[in-house]
Every structure is written in C-alpha cells, then in structure tokens.
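*Asks:* Would you mind keeping the following structure in view while I ask a few things?
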Amino acid sequence: MFIEPLSAPKVRHIVTHMREWDHREIFATSFSEDPDGMVESVMSTGAVSWVAGLKEPIATWGAAPCWPGVWSLWMFATDDFRQIGLSVTKFIRRTMIPTLWADGAHRLECRSMEGHVEAQRWLGALGAQRECTLKRYGKNGDDFHIYTWERP
C-alpha cells in the first residue's frame, strides 16, 4: 500500500471512480459536477492532504484551514476503500489529527450528508462526534450533519 502527497493524475482516478455516496455527498454542495474542477479543488487544499492505494489510487483525504485554529476535513474514495480503510484510519488517527493539534488547531470539522451511513460510521471510528444537523443544506434540500473533533 502507498500513502503519499497528492498528485493530479491519482486524484483524477479517484474522482472518476469514486463511490456513489461520496459523489452524491460532494456534489450536493457544489455548483458543478465537472471532474476537472473537482481535481483542481482537491489539488488546491494544500500540504495536509494525501492519496493512498494499492496498484491504483483508492482514497484521498486531507484538511484545509477555515481560519486560525479551525480546519475542515474531507475524504472520498473508490469502491475499493475497504482494502485500505484500516491503514488510512490509522494514518489519520496517528499522524494527521495529532499534526493538526500540534500546529495549533483547536477544532476539526467535516460535513456528511444524511444517508451516507458508511462515512458517518467511519467518522465515529476516527473519534468525531455528530454536533448538529444543517437542515436542507444541500442544493437539492438534503440535510447534512457536522462532525467535529475538539483538541483534548
């Protein structure tokens, strides 16, 4: 398995092969479903972002600063995520989150669309708590939940 910094070709592969629920969730809060725009958006998130896979890329995730002390976390994957999910989970818990705390973060958050049960279970496994529901937040009126971590 590899975990490495983002590269546009690997992100593009994941964007064009992402899980159905990830696609629904991401594009429910986007003006466009253009894959090139999605790749560009992911590539602009900065240094706290990675891609992982086996022979082919499977998942990409990262964090982007909202303002000092608060970061927005994101992730999406292909249907093969179960093959690397445990390793990615360990990396996020042992490396990414502690790095954000050490760099001065006091709050990490992400949004997840109602019905994306797999993602919400995974967020719980990462230690996130469901904080609130954003009613009719998506462009089609979908509800979203905010999941948060607070610095210990």
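To be explicit about the labels: the chains of the structure tokens are called A, B, and onward in the order shown, and within each one the residues are counted from 1, while ligands get numbers from 1 in the order they are shown.
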Dump as CSV the rows for residues of stretch 40-120 of chain A within 9 Å of stretch 17-22 of chain A: closest atom pair and distance in Å with one decimal, only C-alpha atoms counted, ordered by chain and rising residue number.

*Replies:*
```
residue,atom,partner,partner_atom,distance
A:Ile58,CA,A:Met18,CA,8.4
A:Ala59,CA,A:Met18,CA,8.5
A:Met75,CA,A:Asp22,CA,8.5
A:Phe76,CA,A:Asp22,CA,5.9
A:Ala77,CA,A:Met18,CA,5.3
A:Thr78,CA,A:Met18,CA,4.2
A:Asp79,CA,A:Arg19,CA,5.3
A:Asp80,CA,A:Arg19,CA,8.7
A:Phe81,CA,A:Arg19,CA,8.9
A:Met113,CA,A:Trp21,CA,8.9
A:Gly115,CA,A:Trp21,CA,8.5
A:His116,CA,A:Trp21,CA,6.2
A:Glu118,CA,A:Trp21,CA,8.8
A:Ala119,CA,A:Asp22,CA,8.5
```

*Asks:* Take the residues just selected and output them with N, CA and C atoms as an mmCIF file, in the first residue's frame.

*Replies:*
```cif
data_model
loop_
_atom_site.group_PDB
_atom_site.id
_atom_site.type_symbol
_atom_site.label_atom_id
_atom_site.label_comp_id
_atom_site.auth_asym_id
_atom_site.auth_seq_id
_atom_site.Cartn_x
_atom_site.Cartn_y
_atom_site.Cartn_z
ATOM 1 N N ILE A 58 -6.915 4.689 -4.454
ATOM 2 C CA ILE A 58 -8.204 4.286 -3.893
ATOM 3 C C ILE A 58 -8.863 5.405 -3.091
ATOM 4 N N ALA A 59 -8.088 6.176 -2.362
ATOM 5 C CA ALA A 59 -8.672 7.197 -1.475
ATOM 6 C C ALA A 59 -7.807 8.448 -1.447
ATOM 7 N N MET A 75 -12.670 13.694 2.682
ATOM 8 C CA MET A 75 -12.185 12.413 2.176
ATOM 9 C C MET A 75 -13.171 11.862 1.176
ATOM 10 N N PHE A 76 -12.671 11.201 0.146
ATOM 11 C CA PHE A 76 -13.516 10.393 -0.726
ATOM 12 C C PHE A 76 -12.679 9.271 -1.292
ATOM 13 N N ALA A 77 -13.361 8.236 -1.778
ATOM 14 C CA ALA A 77 -12.661 7.016 -2.171
ATOM 15 C C ALA A 77 -13.427 6.273 -3.256
ATOM 16 N N THR A 78 -12.774 5.253 -3.775
ATOM 17 C CA THR A 78 -13.415 4.346 -4.723
ATOM 18 C C THR A 78 -14.083 3.216 -3.933
ATOM 19 N N ASP A 79 -14.758 2.331 -4.653
ATOM 20 C CA ASP A 79 -15.410 1.189 -4.008
ATOM 21 C C ASP A 79 -14.412 0.228 -3.365
ATOM 22 N N ASP A 80 -13.125 0.376 -3.644
ATOM 23 C CA ASP A 80 -12.101 -0.498 -3.069
ATOM 24 C C ASP A 80 -11.603 -0.016 -1.706
ATOM 25 N N PHE A 81 -12.243 0.984 -1.130
ATOM 26 C CA PHE A 81 -11.747 1.566 0.121
ATOM 27 C C PHE A 81 -11.572 0.536 1.226
ATOM 28 N N MET A 113 -23.568 14.067 4.435
ATOM 29 C CA MET A 113 -24.965 14.096 4.024
ATOM 30 C C MET A 113 -25.763 12.986 4.705
ATOM 31 N N GLY A 115 -27.809 9.945 5.269
ATOM 32 C CA GLY A 115 -27.888 8.735 4.467
ATOM 33 C C GLY A 115 -26.540 8.127 4.130
ATOM 34 N N HIS A 116 -25.463 8.888 4.260
ATOM 35 C CA HIS A 116 -24.123 8.353 3.964
ATOM 36 C C HIS A 116 -23.612 7.640 5.222
ATOM 37 N N GLU A 118 -22.055 4.816 5.817
ATOM 38 C CA GLU A 118 -20.685 4.302 5.860
ATOM 39 C C GLU A 118 -19.705 5.396 6.299
ATOM 40 N N ALA A 119 -19.851 6.582 5.736
ATOM 41 C CA ALA A 119 -18.966 7.693 6.103
ATOM 42 C C ALA A 119 -19.175 8.085 7.561
#
```

*Asks:* Pick out the residues sitting within 8 Å of A:Ile146, and hand them over as a ChimeraX atom specification; count only C-alpha atoms, and ignore anything fewer than 4 positions along from it in its own chain.

*Replies:* /A:109-112,130-134

*Asks:* Per DSSP on the backbone, what are the alpha helix (DSSP H) residues of stretch 80-151 of chain A, as a VMD selection string?

*Replies:* chain A and resid 85 to 91 97 to 102 117 to 125

*Asks:* Go ahead and write the residues just picked, N, CA and C atoms, as a compact mmCIF listing (two decimals), in the first residue's frame.

*Replies:*
```txt
# COMPACT_ATOMS: atom_id res chain seq x y z
N GLY A 85 -8.89 0.70 4.12
CA GLY A 85 -9.57 1.53 5.11
C GLY A 85 -8.91 1.53 6.48
N LEU A 86 -8.50 0.38 6.97
CA LEU A 86 -7.88 0.31 8.30
C LEU A 86 -6.56 1.08 8.32
N SER A 87 -5.76 0.93 7.29
CA SER A 87 -4.48 1.65 7.23
C SER A 87 -4.69 3.16 7.14
N VAL A 88 -5.66 3.59 6.35
CA VAL A 88 -5.95 5.02 6.24
C VAL A 88 -6.47 5.56 7.58
N THR A 89 -7.33 4.80 8.22
CA THR A 89 -7.86 5.21 9.53
C THR A 89 -6.72 5.39 10.53
N LYS A 90 -5.81 4.43 10.58
CA LYS A 90 -4.66 4.54 11.49
C LYS A 90 -3.81 5.76 11.16
N PHE A 91 -3.58 6.02 9.88
CA PHE A 91 -2.77 7.17 9.47
C PHE A 91 -3.42 8.47 9.94
N ILE A 97 -4.35 13.92 12.48
CA ILE A 97 -5.02 14.65 13.56
C ILE A 97 -4.01 15.17 14.59
N PRO A 98 -3.06 14.34 15.07
CA PRO A 98 -2.07 14.89 16.00
C PRO A 98 -1.23 16.03 15.40
N THR A 99 -0.95 15.96 14.11
CA THR A 99 -0.20 17.05 13.46
C THR A 99 -1.01 18.34 13.49
N LEU A 100 -2.30 18.25 13.23
CA LEU A 100 -3.15 19.45 13.27
C LEU A 100 -3.21 20.03 14.68
N TRP A 101 -3.33 19.16 15.70
CA TRP A 101 -3.33 19.65 17.09
C TRP A 101 -2.00 20.35 17.39
N ALA A 102 -0.89 19.72 17.00
CA ALA A 102 0.43 20.29 17.27
C ALA A 102 0.64 21.62 16.56
N VAL A 117 -24.28 6.54 5.53
CA VAL A 117 -24.06 5.81 6.78
C VAL A 117 -22.62 5.32 6.90
N GLU A 118 -22.05 4.82 5.82
CA GLU A 118 -20.69 4.30 5.86
C GLU A 118 -19.71 5.40 6.30
N ALA A 119 -19.85 6.58 5.74
CA ALA A 119 -18.97 7.69 6.10
C ALA A 119 -19.17 8.09 7.56
N GLN A 120 -20.42 8.10 8.01
CA GLN A 120 -20.70 8.53 9.37
C GLN A 120 -20.18 7.53 10.40
N ARG A 121 -20.25 6.26 10.09
CA ARG A 121 -19.65 5.25 10.98
C ARG A 121 -18.14 5.43 11.05
N TRP A 122 -17.55 5.70 9.89
CA TRP A 122 -16.10 5.88 9.83
C TRP A 122 -15.68 7.12 10.61
N LEU A 123 -16.44 8.20 10.51
CA LEU A 123 -16.13 9.40 11.28
C LEU A 123 -16.16 9.10 12.78
N GLY A 124 -17.12 8.30 13.20
CA GLY A 124 -17.16 7.87 14.60
C GLY A 124 -15.93 7.08 14.99
N ALA A 125 -15.48 6.19 14.10
CA ALA A 125 -14.27 5.41 14.36
C ALA A 125 -13.04 6.31 14.45
```

*Asks:* Separation of atom CA of A:Leu126 and atom CA of A:Met38, in Å?

*Replies:*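 The value is 24.7 Å.
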
*Asks:* Residues at most 12 Å from A:Asp103, counting only C-alpha atoms, excluding those fewer than 4 positions away in the same chain, as a PyMOL selection string?

*Replies:* chain A and resi 48+65+68-71+96-99+107+151

*Asks:* Which residues come within 9 Å of A:Ser7, counting only C-alpha atoms, excluding same-chain residues fewer than 5 positions away, as a ChimeraX atom specification?

*Replies:* /A:12,43,50-51

*Asks:* Just list as a PyMOL selection string whatever in stretch 55-92 of chain A DSSP marks as strand (DSSP E or B).

*Replies:* chain A and resi 57-67+70-78

*Asks:* I need the chosen residues saved as a PDB file, in the first residue's frame, with C-alpha atoms.

*Replies:*
```pdb
ATOM      1  CA  PRO A  57      -5.277   5.043  -6.204  1.00  0.00           C
ATOM      2  CA  ILE A  58      -8.204   4.286  -3.893  1.00  0.00           C
ATOM      3  CA  ALA A  59      -8.672   7.197  -1.475  1.00  0.00           C
ATOM      4  CA  THR A  60      -7.757  10.820  -0.986  1.00  0.00           C
ATOM      5  CA  TRP A  61      -8.201  12.913   2.143  1.00  0.00           C
ATOM      6  CA  GLY A  62      -6.946  15.992   3.832  1.00  0.00           C
ATOM      7  CA  ALA A  63      -7.635  19.132   5.793  1.00  0.00           C
ATOM      8  CA  ALA A  64      -7.957  22.764   4.792  1.00  0.00           C
ATOM      9  CA  PRO A  65      -7.833  25.715   7.175  1.00  0.00           C
ATOM     10  CA  CYS A  66     -11.082  27.630   7.631  1.00  0.00           C
ATOM     11  CA  TRP A  67      -9.402  30.282   9.818  1.00  0.00           C
ATOM     12  CA  VAL A  70     -10.276  25.555  12.753  1.00  0.00           C
ATOM     13  CA  TRP A  71      -9.788  23.049   9.940  1.00  0.00           C
ATOM     14  CA  SER A  72     -12.228  21.373   7.558  1.00  0.00           C
ATOM     15  CA  LEU A  73     -11.514  17.682   6.930  1.00  0.00           C
ATOM     16  CA  TRP A  74     -12.519  15.846   3.758  1.00  0.00           C
ATOM     17  CA  MET A  75     -12.185  12.413   2.176  1.00  0.00           C
ATOM     18  CA  PHE A  76     -13.516  10.393  -0.726  1.00  0.00           C
ATOM     19  CA  ALA A  77     -12.661   7.016  -2.171  1.00  0.00           C
ATOM     20  CA  THR A  78     -13.415   4.346  -4.723  1.00  0.00           C
TER      21      THR A  78
END
```
